[in-house]
>>> print(open('query-v3.tsv').read())   # TSV, C-alpha atoms and all ligand atoms
chain	number	residue	atom	x	y	z
A	14	MET	CA	60.71	13.21	-5.74
A	15	PRO	CA	59.08	9.80	-6.32
A	16	ALA	CA	55.30	9.55	-5.94
A	17	PRO	CA	54.16	8.15	-2.57
A	18	GLY	CA	53.20	4.49	-2.63
A	19	PRO	CA	49.73	3.21	-1.83
A	20	ARG	CA	48.63	3.64	1.76
A	21	GLN	CA	48.68	0.48	3.84
A	22	GLU	CA	46.27	1.71	6.49
A	23	ILE	CA	43.25	3.95	6.63
A	24	ARG	CA	40.91	5.29	9.30
A	25	LEU	CA	37.64	3.43	9.53
A	26	ALA	CA	35.85	6.76	9.68
A	27	GLU	CA	37.34	7.88	6.37
A	28	LEU	CA	36.30	4.68	4.68
A	29	MET	CA	32.77	4.82	6.07
A	30	ALA	CA	32.43	8.49	5.18
A	31	ALA	CA	33.35	7.53	1.63
A	32	MET	CA	30.62	4.89	1.77
A	33	SER	CA	28.18	7.58	2.83
A	34	LEU	CA	29.15	9.61	-0.27
A	35	ALA	CA	28.34	6.56	-2.38
A	36	THR	CA	24.93	6.25	-0.77
A	37	ASP	CA	24.39	9.99	-1.29
A	38	ILE	CA	24.80	9.60	-5.03
A	39	SER	CA	22.79	6.37	-5.07
A	40	MET	CA	19.82	8.36	-3.79
A	41	ASP	CA	20.40	11.48	-5.85
A	42	GLN	CA	21.07	13.48	-2.72
A	43	PRO	CA	23.48	16.40	-2.33
A	44	MET	CA	27.06	15.27	-1.88
A	45	GLU	CA	28.15	15.18	1.79
A	46	GLU	CA	24.58	14.98	3.04
A	47	GLY	CA	25.47	11.76	4.85
A	48	VAL	CA	28.48	13.23	6.64
A	49	THR	CA	26.44	16.31	7.55
A	50	ILE	CA	23.75	14.11	9.12
A	51	CYS	CA	26.51	12.20	10.90
A	52	LEU	CA	27.85	15.44	12.34
A	53	LEU	CA	24.40	16.57	13.46
A	54	ALA	CA	23.52	13.18	14.99
A	55	THR	CA	26.83	12.96	16.85
A	56	ARG	CA	26.40	16.42	18.31
A	57	LEU	CA	22.85	15.56	19.35
A	58	ALA	CA	24.13	12.37	20.98
A	59	GLY	CA	26.51	14.53	23.00
A	60	VAL	CA	23.68	16.85	24.06
A	61	LEU	CA	21.68	13.81	25.19
A	62	GLY	CA	24.58	12.62	27.32
A	63	LEU	CA	24.91	9.24	25.63
A	64	SER	CA	27.79	6.95	26.57
A	65	GLU	CA	30.89	6.79	24.40
A	66	LEU	CA	29.85	3.45	22.91
A	67	GLU	CA	26.40	4.83	22.10
A	68	ARG	CA	27.94	7.87	20.46
A	69	VAL	CA	30.18	5.62	18.38
A	70	HIS	CA	27.11	3.71	17.24
A	71	VAL	CA	25.25	6.91	16.44
A	72	TYR	CA	28.25	8.19	14.48
A	73	TYR	CA	28.70	5.11	12.32
A	74	GLY	CA	24.98	4.44	12.13
A	75	ALA	CA	24.47	7.86	10.57
A	76	LEU	CA	27.22	7.26	8.01
A	77	LEU	CA	26.03	3.78	7.09
A	78	ARG	CA	22.28	4.15	7.45
A	79	HIS	CA	21.70	3.44	3.74
A	80	ILE	CA	24.30	0.72	3.08
A	81	GLY	CA	21.52	-1.75	2.36
A	82	CYS	CA	20.09	0.54	-0.30
A	83	THR	CA	21.42	-1.35	-3.30
A	84	ALA	CA	20.06	-4.71	-2.15
A	85	ASP	CA	16.90	-4.96	-4.18
A	86	MET	CA	16.84	-1.92	-6.41
A	87	HIS	CA	16.69	-4.11	-9.51
A	88	VAL	CA	13.37	-5.52	-8.24
A	89	LEU	CA	11.89	-2.08	-7.59
A	90	ALA	CA	13.27	-0.70	-10.86
A	91	ALA	CA	11.47	-3.46	-12.77
A	92	VAL	CA	8.22	-2.26	-11.21
A	93	ALA	CA	8.62	1.50	-11.00
A	94	GLY	CA	11.41	2.48	-13.40
A	95	ASP	CA	14.33	4.68	-12.35
A	96	ASP	CA	15.09	3.63	-8.77
A	97	ILE	CA	17.33	6.62	-8.07
A	98	SER	CA	14.54	9.03	-8.98
A	99	MET	CA	12.18	6.98	-6.82
A	100	ARG	CA	14.51	7.03	-3.80
A	101	SER	CA	14.88	10.75	-4.24
A	102	ALA	CA	11.09	11.20	-4.26
A	103	PHE	CA	10.82	9.32	-0.96
A	104	VAL	CA	13.45	11.34	0.92
A	105	GLY	CA	11.77	13.08	3.85
A	106	VAL	CA	8.64	10.95	3.57
A	107	ASP	CA	7.30	9.39	6.77
A	108	LEU	CA	7.26	5.69	5.90
A	109	GLY	CA	4.60	5.13	8.55
A	110	ARG	CA	2.08	7.29	6.68
A	111	PRO	CA	0.56	5.56	3.62
A	112	VAL	CA	-0.85	8.84	2.28
A	113	GLU	CA	2.61	10.43	2.20
A	114	MET	CA	4.06	7.34	0.55
A	115	PHE	CA	1.35	7.28	-2.09
A	116	ALA	CA	1.92	10.97	-2.87
A	117	ALA	CA	5.67	10.36	-3.20
A	118	MET	CA	5.10	7.49	-5.60
A	119	MET	CA	2.77	9.63	-7.70
A	120	ARG	CA	5.47	12.32	-7.79
A	121	HIS	CA	7.98	9.77	-8.97
A	122	ILE	CA	5.67	8.36	-11.65
A	123	GLY	CA	4.81	11.87	-12.81
A	124	ARG	CA	8.41	12.79	-13.47
A	125	THR	CA	9.56	9.38	-14.73
A	126	TYR	CA	6.88	8.36	-17.22
A	127	ALA	CA	5.22	10.08	-20.18
A	128	PRO	CA	1.51	10.90	-19.66
A	129	LEU	CA	0.30	7.91	-21.67
A	130	GLU	CA	2.54	5.54	-19.70
A	131	ARG	CA	1.48	6.73	-16.26
A	132	PRO	CA	-1.81	4.75	-15.84
A	133	MET	CA	-0.01	1.48	-16.57
A	134	ALA	CA	2.83	2.44	-14.23
A	135	ILE	CA	0.32	3.13	-11.45
A	136	VAL	CA	-1.34	-0.25	-11.99
A	137	ARG	CA	2.04	-1.97	-11.91
A	138	VAL	CA	3.04	-0.25	-8.68
A	139	MET	CA	-0.30	-0.96	-6.99
A	140	ALA	CA	-0.02	-4.64	-7.93
A	141	ALA	CA	3.45	-4.81	-6.39
A	142	THR	CA	2.85	-3.25	-2.97
A	143	GLY	CA	4.07	-6.47	-1.31
A	144	LYS	CA	7.46	-6.07	-2.97
A	145	PHE	CA	7.80	-2.55	-1.61
A	146	ARG	CA	6.90	-3.71	1.90
A	147	TYR	CA	9.42	-6.53	1.65
A	148	SER	CA	12.05	-4.13	0.29
A	149	GLY	CA	12.66	-2.50	3.68
A	150	GLU	CA	13.30	-5.88	5.29
A	151	VAL	CA	15.74	-6.90	2.54
A	152	GLN	CA	17.67	-3.66	2.85
A	153	CYS	CA	17.91	-4.02	6.62
A	154	GLU	CA	19.17	-7.60	6.34
A	155	VAL	CA	21.82	-6.60	3.82
A	156	ALA	CA	22.83	-3.60	5.94
A	157	GLU	CA	23.32	-5.93	8.91
A	158	MET	CA	25.40	-8.34	6.82
A	159	LEU	CA	27.60	-5.59	5.39
A	160	ALA	CA	28.07	-4.04	8.84
A	161	SER	CA	29.31	-7.40	10.07
A	162	ARG	CA	31.82	-7.64	7.24
A	163	LEU	CA	32.97	-4.10	7.90
A	164	GLY	CA	33.94	-5.26	11.39
A	165	PHE	CA	31.15	-3.81	13.52
A	166	ASP	CA	29.91	-5.77	16.53
A	167	GLU	CA	26.52	-7.43	16.91
A	168	SER	CA	24.87	-4.61	18.84
A	169	PHE	CA	25.79	-2.19	16.07
A	170	GLN	CA	24.53	-4.63	13.47
A	171	ARG	CA	21.18	-4.83	15.24
A	172	GLY	CA	21.02	-1.06	15.35
A	173	ILE	CA	21.79	-0.57	11.67
A	174	SER	CA	19.19	-3.17	10.71
A	175	GLY	CA	16.59	-1.12	12.56
A	176	VAL	CA	17.63	2.27	11.31
A	177	LEU	CA	14.31	2.78	9.51
A	178	GLU	CA	12.29	1.94	12.62
A	179	ARG	CA	10.36	4.63	14.47
A	180	TRP	CA	10.04	5.12	18.19
A	181	ASP	CA	6.35	4.29	18.56
A	182	GLY	CA	4.65	5.01	15.26
A	183	ARG	CA	3.42	8.39	16.47
A	184	GLY	CA	6.49	10.56	16.34
A	185	PHE	CA	9.89	10.78	17.96
A	186	ASP	CA	11.22	9.96	21.40
A	187	PRO	CA	10.26	12.96	23.62
A	188	ALA	CA	13.68	12.90	25.31
A	189	VAL	CA	15.41	13.25	21.92
A	190	VAL	CA	13.02	16.04	20.91
A	191	ALA	CA	13.65	17.89	24.19
A	192	GLY	CA	17.42	17.52	23.76
A	193	PHE	CA	17.24	18.81	20.22
A	194	LEU	CA	15.08	21.79	21.14
A	195	SER	CA	17.38	22.71	24.02
A	196	LYS	CA	20.27	23.26	21.60
A	197	GLY	CA	18.43	23.56	18.30
A	198	THR	CA	20.21	26.61	16.92
A	199	GLU	CA	23.64	25.32	17.89
A	200	LEU	CA	22.94	21.87	16.45
A	201	LEU	CA	21.59	23.19	13.18
A	202	SER	CA	24.69	25.31	12.69
A	203	VAL	CA	26.29	22.16	11.24
A	204	LEU	CA	24.30	22.87	8.10
A	205	GLU	CA	26.44	25.97	7.60
A	206	VAL	CA	29.93	24.49	8.09
A	207	ASP	CA	32.20	24.88	5.09
A	208	SER	CA	33.61	21.38	5.26
A	209	PRO	CA	31.22	18.75	6.63
A	210	TRP	CA	33.67	16.01	5.63
A	211	ASP	CA	36.52	17.39	7.75
A	212	ARG	CA	34.26	18.31	10.67
A	213	ALA	CA	32.68	14.85	10.68
A	214	LEU	CA	36.08	13.16	10.80
A	215	GLU	CA	37.14	15.42	13.66
A	216	ALA	CA	33.93	14.55	15.51
A	217	GLU	CA	34.49	10.79	15.56
A	218	PRO	CA	34.04	9.59	19.15
A	219	GLY	CA	35.89	6.68	20.75
A	220	GLU	CA	39.18	5.12	19.79
A	221	ARG	CA	39.16	6.06	16.10
A	222	PRO	CA	40.11	2.65	14.71
A	223	VAL	CA	42.49	2.32	11.78
A	224	LEU	CA	42.20	-0.54	9.30
A	225	SER	CA	45.13	-2.32	7.73
A	226	GLY	CA	45.98	-5.73	6.32
A	227	ARG	CA	43.11	-8.19	6.23
A	228	ARG	CA	40.64	-5.89	7.97
A	229	LEU	CA	41.20	-3.25	5.31
A	230	ASP	CA	40.91	-5.91	2.61
A	231	GLU	CA	37.62	-7.18	3.98
A	232	ALA	CA	36.19	-3.66	4.28
A	233	LEU	CA	37.11	-2.85	0.67
A	234	ARG	CA	35.74	-6.19	-0.49
A	235	ALA	CA	32.45	-5.41	1.29
A	236	MET	CA	32.32	-2.02	-0.43
A	237	GLY	CA	32.68	-3.74	-3.80
A	238	ASP	CA	29.89	-6.16	-2.95
A	239	PHE	CA	27.70	-3.22	-1.95
A	240	ALA	CA	28.17	-1.78	-5.46
A	241	ASP	CA	27.73	-5.15	-7.17
A	242	LEU	CA	24.34	-5.65	-5.54
A	243	LYS	CA	23.06	-2.90	-7.80
A	244	SER	CA	22.27	-5.55	-10.41
A	245	PRO	CA	21.95	-9.35	-10.29
A	246	TYR	CA	24.21	-9.41	-13.38
A	247	THR	CA	27.13	-7.86	-11.48
A	248	VAL	CA	27.08	-9.86	-8.25
A	249	GLY	CA	30.65	-11.08	-7.74
A	250	HIS	CA	32.03	-8.78	-10.45
A	251	SER	CA	34.32	-6.66	-8.26
A	252	GLY	CA	35.79	-9.69	-6.51
A	253	GLY	CA	36.40	-11.32	-9.90
A	254	VAL	CA	38.14	-8.22	-11.22
A	255	ALA	CA	40.25	-7.98	-8.05
A	256	ASP	CA	41.44	-11.59	-8.35
A	257	LEU	CA	42.15	-11.30	-12.06
A	258	ALA	CA	44.00	-7.99	-11.75
A	259	ALA	CA	46.08	-9.19	-8.81
A	260	ARG	CA	47.08	-12.33	-10.69
A	261	ALA	CA	48.07	-10.20	-13.68
A	262	ALA	CA	50.12	-7.93	-11.42
A	263	GLU	CA	51.90	-10.98	-9.99
A	264	ARG	CA	52.62	-12.30	-13.48
A	265	CYS	CA	54.13	-8.91	-14.33
A	266	GLY	CA	56.49	-9.26	-11.38
A	267	LEU	CA	55.21	-6.22	-9.47
A	268	PRO	CA	56.26	-5.78	-5.83
A	269	SER	CA	53.83	-7.29	-3.31
A	270	ASP	CA	52.60	-3.87	-2.14
A	271	ASP	CA	51.62	-3.06	-5.72
A	272	VAL	CA	49.88	-6.40	-6.12
A	273	THR	CA	47.91	-5.66	-2.95
A	274	ALA	CA	47.04	-2.18	-4.22
A	275	THR	CA	45.92	-3.62	-7.54
A	276	ARG	CA	43.67	-6.16	-5.80
A	277	ARG	CA	42.18	-3.41	-3.63
A	278	ALA	CA	41.55	-1.28	-6.72
A	279	GLY	CA	39.61	-4.18	-8.20
A	280	TRP	CA	37.35	-4.42	-5.17
A	281	VAL	CA	36.31	-0.79	-5.30
A	282	HIS	CA	36.76	0.15	-8.95
A	283	ASP	CA	33.03	0.12	-9.66
A	284	ILE	CA	31.73	1.88	-6.56
A	285	GLY	CA	30.34	4.54	-8.91
A	286	ARG	CA	27.91	1.99	-10.33
A	287	VAL	CA	25.45	2.94	-7.59
A	288	ALA	CA	24.98	6.32	-9.26
A	289	VAL	CA	23.24	4.70	-12.22
A	290	SER	CA	19.70	3.39	-12.12
A	291	SER	CA	19.16	-0.35	-11.88
A	292	ALA	CA	16.67	0.14	-14.70
A	293	ILE	CA	19.66	0.87	-16.95
A	294	TRP	CA	21.87	-1.96	-15.66
A	295	GLY	CA	19.02	-4.42	-16.08
A	296	LYS	CA	17.56	-3.12	-19.32
A	297	PRO	CA	16.84	-6.15	-21.53
A	298	GLY	CA	17.29	-4.26	-24.83
A	299	PRO	CA	19.84	-1.87	-26.33
A	300	LEU	CA	20.73	1.22	-24.35
A	301	THR	CA	19.95	4.67	-25.66
A	302	ARG	CA	22.84	7.05	-26.12
A	303	SER	CA	22.14	8.88	-22.86
A	304	GLU	CA	21.77	5.60	-20.96
A	305	TRP	CA	25.03	4.36	-22.40
A	306	GLU	CA	26.82	7.57	-21.48
A	307	ARG	CA	25.53	7.34	-17.92
A	308	SER	CA	26.71	3.77	-17.51
A	309	ALA	CA	30.05	4.36	-19.23
A	310	CYS	CA	31.13	7.18	-16.94
A	311	THR	CA	30.54	5.41	-13.63
A	312	PRO	CA	34.17	4.78	-12.67
A	313	THR	CA	34.86	8.51	-12.59
A	314	MET	CA	31.54	9.51	-11.11
A	315	PRO	CA	32.34	9.38	-7.40
A	316	THR	CA	35.73	10.99	-7.68
A	317	GLY	CA	34.38	13.49	-10.17
A	318	SER	CA	31.54	14.42	-7.85
A	319	TRP	CA	33.89	14.67	-4.89
A	320	ARG	CA	36.23	16.88	-6.86
A	321	ALA	CA	33.34	19.07	-7.93
A	322	ARG	CA	32.58	19.62	-4.26
A	323	GLY	CA	36.18	20.46	-3.52
A	324	CYS	CA	36.57	17.42	-1.27
A	325	SER	CA	39.52	15.82	-2.95
A	326	SER	CA	41.62	18.96	-2.77
A	327	ARG	CA	41.87	18.68	1.00
A	328	SER	CA	44.65	16.77	2.62
A	329	GLY	CA	44.05	14.25	5.36
A	330	GLY	CA	40.32	13.93	5.59
A	331	SER	CA	39.42	13.63	1.95
A	332	PRO	CA	38.08	10.87	-0.28
A	333	ARG	CA	41.65	10.54	-1.41
A	334	CYS	CA	41.68	8.01	1.39
A	335	ILE	CA	40.07	5.73	-1.15
A	336	THR	CA	42.15	6.50	-4.19
A	337	SER	CA	45.32	6.40	-2.12
A	338	VAL	CA	44.99	2.68	-1.54
A	339	TRP	CA	45.00	1.74	-5.21
A	340	THR	CA	46.46	2.60	-8.59
A	341	ALA	CA	44.50	4.88	-10.92
A	342	PRO	CA	41.03	3.31	-10.54
A	343	VAL	CA	39.35	6.15	-12.42
A	344	THR	CA	40.57	4.57	-15.61
A	345	SER	CA	39.03	1.21	-14.78
A	346	GLY	CA	36.18	1.66	-17.24
A	347	ARG	CA	38.51	2.26	-20.15
A	348	ARG	CA	40.48	-0.14	-22.21
A	349	TRP	CA	43.83	0.22	-23.83
A	350	ARG	CA	43.62	2.69	-26.77
A	351	GLY	CA	41.13	4.72	-24.78
A	352	SER	CA	37.97	3.08	-26.04
A	353	ASN	CA	35.22	2.59	-23.52
A	354	ARG	CA	33.24	-0.49	-22.62
A	355	ARG	CA	29.95	-0.65	-24.46
A	356	ARG	CA	28.91	1.17	-27.56
A	357	PRO	CA	25.58	2.98	-27.99
A	358	GLY	CA	22.92	0.53	-29.02
A	359	SER	CA	24.67	-2.51	-27.55
A	360	SER	CA	23.17	-4.63	-24.80
A	361	PRO	CA	24.60	-4.73	-21.28
A	362	SER	CA	26.95	-7.64	-20.71
A	363	PRO	CA	25.59	-10.20	-18.24
A	364	THR	CA	29.08	-11.66	-17.66
A	365	PRO	CA	29.79	-11.06	-13.97
A	366	THR	CA	33.59	-11.30	-13.98
A	367	THR	CA	34.47	-9.28	-17.06
A	368	PRO	CA	36.16	-5.97	-16.19
B	1	FE	FE	33.90	-3.20	-13.58
>>> encode(input="query-v3.tsv", output="structure tokens")
Amino acid sequence: MPAPGPRQEIRLAELMAAMSLATDISMDQPMEEGVTICLLATRLAGVLGLSELERVHVYYGALLRHIGCTADMHVLAAVAGDDISMRSAFVGVDLGRPVEMFAAMMRHIGRTYAPLERPMAIVRVMAATGKFRYSGEVQCEVAEMLASRLGFDESFQRGISGVLERWDGRGFDPAVVAGFLSKGTELLSVLEVDSPWDRALEAEPGERPVLSGRRLDEALRAMGDFADLKSPYTVGHSGGVADLAARAAERCGLPSDDVTATRRAGWVHDIGRVAVSSAIWGKPGPLTRSEWERSACTPTMPTGSWRARGCSSRSGGSPRCITSVWTAPVTSGRRWRGSNRRRPGSSPSPTPTTP
């Protein structure tokens, strides 16, 4: 039986859940944490009696709450080293409490730098506090822009840009707290479900939109731009690869569906780049062997991580929704004859449109 062709349509929820997996790995968080939070938030929205539109916004807001996270990581990495380690250190920290933030930064410096390097790292971070304050604004602006390109309306865009805001600076909305406490045990049972991915897709409120044609193209293009923002050297890279690959497919005389699939593969082929620190992508000198190995394996990283969690073995609601729209993207980092991109000791290429 011939292999099925690339899918021409895909549920928005599947695509956004895949984005949440990418943000999970970009922050060194457990895989499917984003979809688990989505499930919990959506159930809480139901307990609170929110309208259908509000529940839709809660659902997608939970999945996409970190889509601005790649916006300025190269700036922070230049100041504080490994940005993924730093983001991990700040998970669970109340951003309204300077003492907590300072402690998190010290934790990050302690595990990132050798003892003799730490005093200088602390001085560098203290001198750059303005950049850290500005970082939240940049990430919110980028999140709003990406949400727009993913097809969400203005009210959602405003919501996603304020996802890091707090109710009043002194805690949480009492009505939300009361709703949570009224069903706390039931709500927290989502932490025990065996398949957060499947449960989250089942829990999508509203009309469950499906993307196809240009809307699907634009969503995949936005996902590529999200990954490219990881480094100023790669801005525009995924779009360049998509155009080049599609033109090559046309020159080879492939059917139009295959040309479309090839272009879509180009847009998302480097989504795994977010799993590697911006300190590596922007390193001015030669990479060490371990740095090179980390950067060289990015195309397989998301699918590899998903597979390790058993996600890709499930039919229907699996990250196969991504791979099913293109042709073998996991090989995108390899060239003919099986050799990989850079060699140990070589410098990163600053050329933005070279696959
Ligand atoms: Fe690439």
>>> closest_residue(input="query-v3.tsv", among="A:Ser269, A:Ser251, A:Ala292, A:Ile80", to="ligand FE 1 (chain B)", atoms="all atoms listed in the file")
A:Ser251
>>> closest_residue(input="query-v3.tsv", among="A:Tyr72, A:Tyr147, A:Trp280, A:Phe165", to="ligand FE 1 (chain B)", atoms="all atoms listed in the file")
A:Trp280
>>> closest_residue(input="query-v3.tsv", among="A:Ala261, A:Val254, A:Leu66, A:Val248", to="ligand FE 1 (chain B)", atoms="all atoms listed in the file")
A:Val254
>>> residues_near_point(input="query-v3.tsv", point="(25.1, 21.7, 5.0)", cutoff="10 Å", atoms="all atoms listed in the file", output="list in words")
Pro43, Met44, Glu45, Glu46, Gly47, Val48, Thr49, Ile50, Leu53, Leu201, Ser202, Val203, Leu204, Glu205, Val206, Asp207, Ser208 and Pro209 of chain A
>>> atom_distance(input="query-v3.tsv", atom1="CA of Asp96 in chain A", atom2="CA of Glu154 in chain A")
19.3 Å
>>> closest_residue(input="query-v3.tsv", among="A:Ala216, A:Met139, A:Leu224, A:Leu63", to="Arg24 in chain A", atoms="all atoms listed in the file")
A:Leu224
>>> closest_residue(input="query-v3.tsv", among="A:Ile293, A:Leu28, A:Pro299, A:Gly279", to="ligand FE 1 (chain B)", atoms="only C-alpha atoms and all ligand atoms")
A:Gly279
>>> atom_distance(input="query-v3.tsv", atom1="CA of Arg162 in chain A", atom2="CA of Leu214 in chain A")
21.5 Å
>>> residues_around(input="query-v3.tsv", residues="Val189 in chain A", least_positions_apart="4", cutoff="10 Å", atoms="only C-alpha atoms", output="list in words")
Leu57, Ala58, Val60, Leu61, Phe185, Phe193, Leu194 and Ser195 of chain A
>>> atom_distance(input="query-v3.tsv", atom1="CA of Ser174 in chain A", atom2="CA of Ser64 in chain A")
20.7 Å
>>> closest_residue(input="query-v3.tsv", among="A:Leu177, A:Val281, A:Met119, A:Val289", to="ligand FE 1 (chain B)", atoms="only C-alpha atoms and all ligand atoms")
A:Val281
>>> axis_aligned_box(input="query-v3.tsv", around="range 276-289 of chain A", padding_each_side="3 Å", output="lines of an AutoDock Vina configuration file")
center_x = 33.5
center_y = 0.1
center_z = -7.9
size_x = 26.4
size_y = 18.5
size_z = 14.6
>>> residues_around(input="query-v3.tsv", residues="range 155-161 of chain A", least_positions_apart="5", cutoff="10 Å", atoms="only C-alpha atoms", output="PDB file with C-alpha atoms, keeping the file's coordinate frame")
ATOM      1  CA  TYR A  73      28.700   5.110  12.320  1.00  0.00           C
ATOM      2  CA  GLY A  74      24.980   4.440  12.130  1.00  0.00           C
ATOM      3  CA  LEU A  77      26.030   3.780   7.090  1.00  0.00           C
ATOM      4  CA  ARG A  78      22.280   4.150   7.450  1.00  0.00           C
ATOM      5  CA  HIS A  79      21.700   3.440   3.740  1.00  0.00           C
ATOM      6  CA  ILE A  80      24.300   0.720   3.080  1.00  0.00           C
ATOM      7  CA  GLY A  81      21.520  -1.750   2.360  1.00  0.00           C
ATOM      8  CA  CYS A  82      20.090   0.540  -0.300  1.00  0.00           C
ATOM      9  CA  THR A  83      21.420  -1.350  -3.300  1.00  0.00           C
ATOM     10  CA  ALA A  84      20.060  -4.710  -2.150  1.00  0.00           C
ATOM     11  CA  ASP A  85      16.900  -4.960  -4.180  1.00  0.00           C
ATOM     12  CA  GLU A 150      13.300  -5.880   5.290  1.00  0.00           C
ATOM     13  CA  ASP A 166      29.910  -5.770  16.530  1.00  0.00           C
ATOM     14  CA  GLU A 167      26.520  -7.430  16.910  1.00  0.00           C
ATOM     15  CA  PHE A 169      25.790  -2.190  16.070  1.00  0.00           C
ATOM     16  CA  GLN A 170      24.530  -4.630  13.470  1.00  0.00           C
ATOM     17  CA  ARG A 171      21.180  -4.830  15.240  1.00  0.00           C
ATOM     18  CA  GLY A 172      21.020  -1.060  15.350  1.00  0.00           C
ATOM     19  CA  ILE A 173      21.790  -0.570  11.670  1.00  0.00           C
ATOM     20  CA  SER A 174      19.190  -3.170  10.710  1.00  0.00           C
ATOM     21  CA  GLY A 175      16.590  -1.120  12.560  1.00  0.00           C
ATOM     22  CA  VAL A 176      17.630   2.270  11.310  1.00  0.00           C
ATOM     23  CA  ALA A 232      36.190  -3.660   4.280  1.00  0.00           C
ATOM     24  CA  ALA A 235      32.450  -5.410   1.290  1.00  0.00           C
ATOM     25  CA  MET A 236      32.320  -2.020  -0.430  1.00  0.00           C
ATOM     26  CA  ASP A 238      29.890  -6.160  -2.950  1.00  0.00           C
ATOM     27  CA  PHE A 239      27.700  -3.220  -1.950  1.00  0.00           C
ATOM     28  CA  LEU A 242      24.340  -5.650  -5.540  1.00  0.00           C
TER      29      LEU A 242
END
>>> residues_around(input="query-v3.tsv", residues="Ile23 in chain A", least_positions_apart="2", cutoff="8 Å", atoms="only C-alpha atoms", output="PyMOL selection string")
chain A and resi 20-21+25+27-28+223-225+229+334
>>> residues_near_point(input="query-v3.tsv", point="(25.7, 6.1, -6.5)", cutoff="10 Å", atoms="all atoms listed in the file", output="list in words")
Met32, Ser33, Leu34, Ala35, Thr36, Asp37, Ile38, Ser39, Met40, Asp41, Gln42, Thr83, Ile97, Ala240, Lys243, Asp283, Ile284, Gly285, Arg286, Val287, Ala288, Val289, Ser290, Thr311, Met314 and Pro315 of chain A
